[in-house]
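Reproduced below: coords33.cif, with mmCIF, C-alpha atoms and all ligand atoms.
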```
data_run
#
loop_
_atom_site.label_atom_id
_atom_site.label_comp_id
_atom_site.auth_asym_id
_atom_site.auth_seq_id
_atom_site.Cartn_x
_atom_site.Cartn_y
_atom_site.Cartn_z
CA MET G 1 81.29 125.92 98.83
CA ALA G 2 81.12 125.31 95.08
CA THR G 3 81.78 121.78 93.81
CA PRO G 4 85.37 121.51 92.52
CA ARG G 5 84.99 121.32 88.73
CA LEU G 6 86.74 119.25 86.10
CA GLY G 7 90.18 120.65 85.33
CA GLU G 8 90.41 122.63 88.56
CA ILE G 9 93.01 121.87 91.23
CA ALA G 10 91.41 119.65 93.87
CA PRO G 11 91.36 121.72 97.07
CA ASP G 12 94.05 120.78 99.57
CA PHE G 13 93.15 120.04 103.19
CA GLN G 14 94.44 118.58 106.42
CA ALA G 15 92.45 115.87 108.16
CA ASP G 16 92.54 113.21 110.85
CA THR G 17 92.17 109.72 109.41
CA THR G 18 92.26 106.12 110.58
CA GLU G 19 95.84 106.05 109.28
CA GLY G 20 96.85 109.24 111.15
CA PRO G 21 96.74 112.92 110.21
CA ILE G 22 97.24 113.73 106.53
CA ALA G 23 97.75 116.77 104.32
CA PHE G 24 95.92 115.72 101.16
CA HIS G 25 98.30 116.94 98.43
CA ASP G 26 101.36 115.66 100.33
CA TRP G 27 99.64 112.34 101.01
CA LYS G 28 98.69 111.70 97.37
CA HIS G 29 101.96 113.20 96.08
CA ASP G 30 102.13 112.36 92.36
CA SER G 31 99.63 109.50 92.37
CA TRP G 32 96.09 109.39 91.10
CA ALA G 33 93.53 109.58 93.90
CA VAL G 34 89.91 108.60 94.40
CA LEU G 35 88.30 110.68 97.17
CA PHE G 36 84.85 109.37 97.97
CA SER G 37 82.30 110.32 100.59
CA HIS G 38 79.68 108.20 102.29
CA PRO G 39 76.89 109.21 104.65
CA ALA G 40 77.54 107.39 107.89
CA ASP G 41 79.31 104.57 109.71
CA PHE G 42 77.42 101.39 110.64
CA THR G 43 74.97 101.74 107.74
CA PRO G 44 74.33 98.92 105.28
CA VAL G 45 75.08 100.40 101.84
CA CYS G 46 78.18 102.20 103.11
CA THR G 47 79.50 98.97 104.64
CA THR G 48 79.23 97.15 101.30
CA GLU G 49 80.85 100.07 99.47
CA LEU G 50 83.85 100.41 101.76
CA GLY G 51 84.26 96.63 101.80
CA ARG G 52 84.33 96.57 98.01
CA VAL G 53 86.92 99.34 97.88
CA ALA G 54 89.09 97.33 100.29
CA ALA G 55 88.72 94.16 98.21
CA LEU G 56 89.88 96.07 95.10
CA LYS G 57 93.23 97.00 96.69
CA ASP G 58 95.32 95.33 93.96
CA ASP G 59 93.24 97.00 91.23
CA TRP G 60 93.79 100.47 92.66
CA GLU G 61 97.50 99.78 93.08
CA ALA G 62 97.85 98.47 89.52
CA ARG G 63 96.60 101.84 88.28
CA GLY G 64 98.66 103.95 90.69
CA VAL G 65 95.52 105.11 92.52
CA LYS G 66 95.36 105.97 96.24
CA VAL G 67 91.87 105.81 97.74
CA LEU G 68 90.55 107.96 100.57
CA ALA G 69 87.10 107.76 102.18
CA VAL G 70 85.38 110.61 104.02
CA SER G 71 82.35 110.89 106.27
CA VAL G 72 81.25 113.21 109.04
CA ASP G 73 81.61 110.51 111.69
CA PRO G 74 84.44 110.61 114.27
CA LEU G 75 87.61 108.54 114.39
CA GLN G 76 86.46 106.23 117.20
CA THR G 77 83.39 105.17 115.18
CA HIS G 78 85.46 104.66 112.02
CA ASP G 79 87.88 102.43 113.92
CA ALA G 80 85.09 100.31 115.39
CA TRP G 81 83.24 100.07 112.06
CA LYS G 82 86.34 98.88 110.16
CA ILE G 83 85.90 95.44 111.77
CA ASP G 84 82.47 95.08 110.12
CA ILE G 85 83.73 96.42 106.78
CA GLU G 86 86.54 93.86 106.76
CA GLN G 87 84.11 91.05 107.52
CA VAL G 88 81.69 92.14 104.78
CA GLY G 89 84.35 92.92 102.14
CA GLY G 90 86.59 89.98 103.01
CA ALA G 91 89.66 92.22 102.92
CA ALA G 92 91.59 94.47 105.30
CA VAL G 93 90.80 98.19 105.09
CA THR G 94 94.26 99.56 104.36
CA TYR G 95 93.18 102.95 102.99
CA PRO G 96 92.43 105.93 105.25
CA LEU G 97 88.94 106.99 106.39
CA ILE G 98 88.75 110.71 107.13
CA ALA G 99 86.99 111.64 110.37
CA ASP G 100 85.28 114.80 109.15
CA ASP G 101 83.24 115.67 112.26
CA SER G 102 83.98 119.35 111.57
CA ARG G 103 82.52 118.88 108.05
CA SER G 104 85.39 120.94 106.65
CA VAL G 105 86.38 118.44 103.92
CA SER G 106 82.74 117.61 103.10
CA GLU G 107 81.94 121.30 102.67
CA LEU G 108 85.14 122.02 100.71
CA TYR G 109 84.09 119.36 98.18
CA ASP G 110 80.35 120.16 98.31
CA MET G 111 79.51 116.66 99.57
CA ILE G 112 76.57 117.69 101.76
CA HIS G 113 73.31 118.13 99.86
CA PRO G 114 70.51 119.30 102.16
CA GLY G 115 67.86 117.81 99.85
CA GLU G 116 69.24 114.34 100.72
CA GLY G 117 67.78 114.23 104.18
CA ASP G 118 70.32 115.35 106.78
CA THR G 119 73.71 117.00 107.14
CA SER G 120 75.78 113.91 106.38
CA GLY G 121 77.51 113.53 103.04
CA VAL G 122 76.02 112.08 99.89
CA ARG G 123 77.93 109.54 97.78
CA SER G 124 80.42 111.75 95.94
CA VAL G 125 83.43 110.53 93.99
CA PHE G 126 86.32 112.68 92.82
CA VAL G 127 89.02 111.19 90.60
CA ILE G 128 92.10 113.40 90.88
CA ASP G 129 95.17 113.08 88.67
CA PRO G 130 98.87 113.21 89.54
CA ALA G 131 98.90 116.98 88.88
CA ASN G 132 96.06 117.33 91.46
CA LYS G 133 93.46 118.21 88.82
CA VAL G 134 89.89 117.00 89.23
CA ARG G 135 89.27 114.66 86.29
CA LEU G 136 85.90 113.12 87.14
CA ASN G 137 83.07 113.75 89.58
CA LEU G 138 80.09 111.50 90.32
CA THR G 139 77.32 112.18 92.82
CA TYR G 140 74.96 109.41 93.92
CA PRO G 141 72.11 109.67 96.41
CA LYS G 142 72.38 107.96 99.77
CA SER G 143 70.03 105.19 98.70
CA VAL G 144 72.14 104.02 95.73
CA GLY G 145 75.44 102.23 96.20
CA ARG G 146 78.16 102.97 93.69
CA ASN G 147 79.69 100.57 91.17
CA PHE G 148 83.43 100.58 91.83
CA ASP G 149 84.13 98.54 88.69
CA GLU G 150 82.79 101.58 86.82
CA ILE G 151 85.15 103.85 88.72
CA LEU G 152 88.10 101.60 87.80
CA ARG G 153 86.89 101.59 84.20
CA ALA G 154 86.73 105.39 84.19
CA VAL G 155 90.28 105.58 85.63
CA ASP G 156 91.43 103.27 82.80
CA ALA G 157 89.74 105.56 80.28
CA LEU G 158 91.28 108.72 81.78
CA GLN G 159 94.75 107.20 81.83
CA LEU G 160 94.39 105.91 78.28
CA THR G 161 93.10 109.19 76.85
CA ASP G 162 96.03 111.00 78.52
CA ARG G 163 98.41 108.88 76.42
CA GLY G 164 97.18 109.76 72.95
CA PRO G 165 94.58 111.50 70.77
CA PHE G 166 91.82 109.12 71.85
CA SER G 167 88.39 109.20 73.43
CA THR G 168 86.46 106.20 74.71
CA PRO G 169 83.06 105.36 73.23
CA ALA G 170 79.91 104.28 75.06
CA ASP G 171 80.42 101.23 77.26
CA TRP G 172 84.14 101.08 76.42
CA LYS G 173 86.19 98.71 78.49
CA ASP G 174 89.86 97.84 78.50
CA GLY G 175 90.77 96.06 75.26
CA ASP G 176 88.00 97.59 73.16
CA ARG G 177 88.72 99.87 70.22
CA VAL G 178 88.76 103.59 70.92
CA VAL G 179 87.64 106.70 69.08
CA VAL G 180 90.20 108.88 67.30
CA ALA G 181 89.98 112.42 68.67
CA PRO G 182 88.33 115.02 66.39
CA SER G 183 91.60 117.02 66.34
CA ILE G 184 93.17 114.34 64.06
CA THR G 185 92.03 113.94 60.45
CA THR G 186 91.31 110.45 59.18
CA ALA G 187 94.29 110.76 56.80
CA ASP G 188 96.59 111.70 59.69
CA ALA G 189 95.16 108.89 61.82
CA ARG G 190 95.93 106.38 59.04
CA VAL G 191 99.53 107.63 58.86
CA ARG G 192 99.90 107.57 62.62
CA PHE G 193 98.19 104.27 63.48
CA GLY G 194 98.41 102.39 60.16
CA ASP G 195 95.89 102.18 57.34
CA HIS G 196 94.51 98.85 58.52
CA ALA G 197 94.04 100.10 62.10
CA VAL G 198 91.63 102.95 61.42
CA GLU G 199 87.97 102.43 60.60
CA GLU G 200 86.02 105.48 59.42
CA VAL G 201 82.31 104.99 60.22
CA THR G 202 81.44 108.63 59.50
CA PRO G 203 83.87 111.50 58.81
CA TYR G 204 83.74 112.32 62.51
CA LEU G 205 83.56 108.80 64.02
CA ARG G 206 86.79 106.91 63.50
CA TYR G 207 87.81 103.88 65.53
CA THR G 208 91.28 102.54 66.13
CA THR G 209 92.82 99.73 68.14
CA GLU G 210 96.34 101.01 67.76
CA GLY G 211 98.04 102.27 70.96
CA ALA G 212 94.76 102.01 72.80
CA GLU G 213 95.54 99.49 75.52
CA ALA G 214 94.91 100.53 79.10
CA SER G 215 97.96 100.66 81.36
CA VAL G 216 96.96 97.56 83.31
CA GLY G 217 96.83 94.20 81.72
C1 LIG D 301 73.37 103.16 103.92
O1 LIG D 301 74.58 103.17 103.85
O2 LIG D 301 72.72 102.12 103.86
C2 LIG D 301 72.61 104.46 104.06
C3 LIG D 301 73.18 105.52 104.75
C4 LIG D 301 72.45 106.70 104.89
C5 LIG D 301 71.21 106.82 104.30
C6 LIG D 301 70.67 105.76 103.58
C7 LIG D 301 71.37 104.56 103.45
#
```

Give the structure from this file in structure tokens form.
Ligand code: BEZ
Amino acid sequence: MATPRLGEIAPDFQADTTEGPIAFHDWKHDSWAVLFSHPADFTPVCTTELGRVAALKDDWEARGVKVLAVSVDPLQTHDAWKIDIEQVGGAAVTYPLIADDSRSVSELYDMIHPGEGDTSGVRSVFVIDPANKVRLNLTYPKSVGRNFDEILRAVDALQLTDRGPFSTPADWKDGDRVVVAPSITTADARVRFGDHAVEEVTPYLRYTTEGAEASVG
């Protein structure tokens, strides 16, 4: 199966999870979603990752994001492993873990990369918007744990750039100035955001602080 690409509708599916059966599009409804795969239960990097995602519960909620983990292990293993995750992360696992023993979700999202050792999933992340469009995709090898602060930062950037003619520059974080989109002339940007609020570094690189706050404070 081809990897779902940016701008495409994230494929719908039905799955058994630690929170009961779900139909993905119905479950996420009009929220943002982060669907992320991990190779296997009772493995060290995965335990730290899922613990971190649990500890960030308030941060996901503040952004209107529902999180959903997937691996090819069965429900009974997920349920037993949750105890370790909660101990390591210091927070209850309140988001669902998909038991993808059939590999149907992993294959639908192209999460199994044979070059990565076996037929478990690699560390994929899909950020999906309220209209069910894929907005971001990351793929990490099994040996490298993901940085979930970066995923929150990217969600902030996506939500901010949906609100106006902005892009976010290298290393942007909430509160930093943003780039005025190329579709707006500098003159128009000065009218729209205020003369004082637009800095033209080159004719194509213009920064502004106006209207550029992320949705969470
Ligand atoms: C881990 O989570 O530590 C892991 C899982 C599969 C392969 C390599 C590392």

Requested in this report: Using all atoms listed in the file, find the one residue out of G:Gly89, G:Pro141, G:Pro4, G:Pro165 that sits nearest to Glu49 of chain G.
Outcome: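 Among G:Gly89, G:Pro141, G:Pro4, G:Pro165, it is G:Gly89 that comes nearest to Glu49 of chain G.
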
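Closest approach to ligand LIG 301 (chain D) from the set G:Ile85, G:Ala33, G:Ala54, G:Leu6 is made by G:Ile85, with distances taken over all atoms listed in the file.
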
Report summary line: One residue among G:Leu108, G:Val198, G:Cys46, G:Leu35 is nearest to Lys82 of chain G when using only C-alpha atoms, and that residue is G:Cys46

Report task. Could you pull out the residues sitting within 9 Å of ligand LIG 301 (chain D), using all atoms listed in the file, and write them as an NGL selection string? Result -> :G and (38-49 or 116-118 or 120-122 or 141-145)

Query raised in the report: Nearest to Asp12 of chain G among G:Ile83, G:Leu75, G:Ala170, G:Ile128, with distances taken over all atoms listed in the file: which residue is it?
Result: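 Ranking G:Ile83, G:Leu75, G:Ala170, G:Ile128 by distance to Asp12 of chain G, first place goes to G:Ile128.
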
Query raised in the report: What does the distance between atom CA of Ala92 of chain G and atom CA of Phe126 of chain G come to in Å, to one decimal place?
Result: 22.7 Å

Query - Of the listed residues G:Gly115, G:Gly51, G:Pro96, G:Gly90, that which approaches Ser71 of chain G most closely, counting all atoms listed in the file - result: G:Pro96

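Nearest residue to Asp149 of chain G, choosing from G:Lys173, G:Lys66, G:His29, G:His78 and counting all atoms listed in the file: G:Lys173.
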
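Picture a line from atom CA of Gly64 of chain G to atom CA of Trp81 of chain G; it runs 26.6 Å.
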
Report task. Quote the spacing between atom CA of Ser106 of chain G and atom CA of Ser124 of chain G in Å to one decimal place. Result -> 9.5 Å

**Report entry** Shell around segment 181-185 of chain G at 9 Å using only C-alpha atoms, local window under 6 positions removed, as an MDAnalysis selection string
**Finding:** chainID G and resid 164:167 203:206

Dump C-alpha atoms for the selected residues as a PDB file, in the coordinates of the input?
```pdb
ATOM      1  CA  GLY G 164      97.180 109.760  72.950  1.00  0.00           C
ATOM      2  CA  PRO G 165      94.580 111.500  70.770  1.00  0.00           C
ATOM      3  CA  PHE G 166      91.820 109.120  71.850  1.00  0.00           C
ATOM      4  CA  SER G 167      88.390 109.200  73.430  1.00  0.00           C
ATOM      5  CA  PRO G 203      83.870 111.500  58.810  1.00  0.00           C
ATOM      6  CA  TYR G 204      83.740 112.320  62.510  1.00  0.00           C
ATOM      7  CA  LEU G 205      83.560 108.800  64.020  1.00  0.00           C
ATOM      8  CA  ARG G 206      86.790 106.910  63.500  1.00  0.00           C
TER       9      ARG G 206
END
```
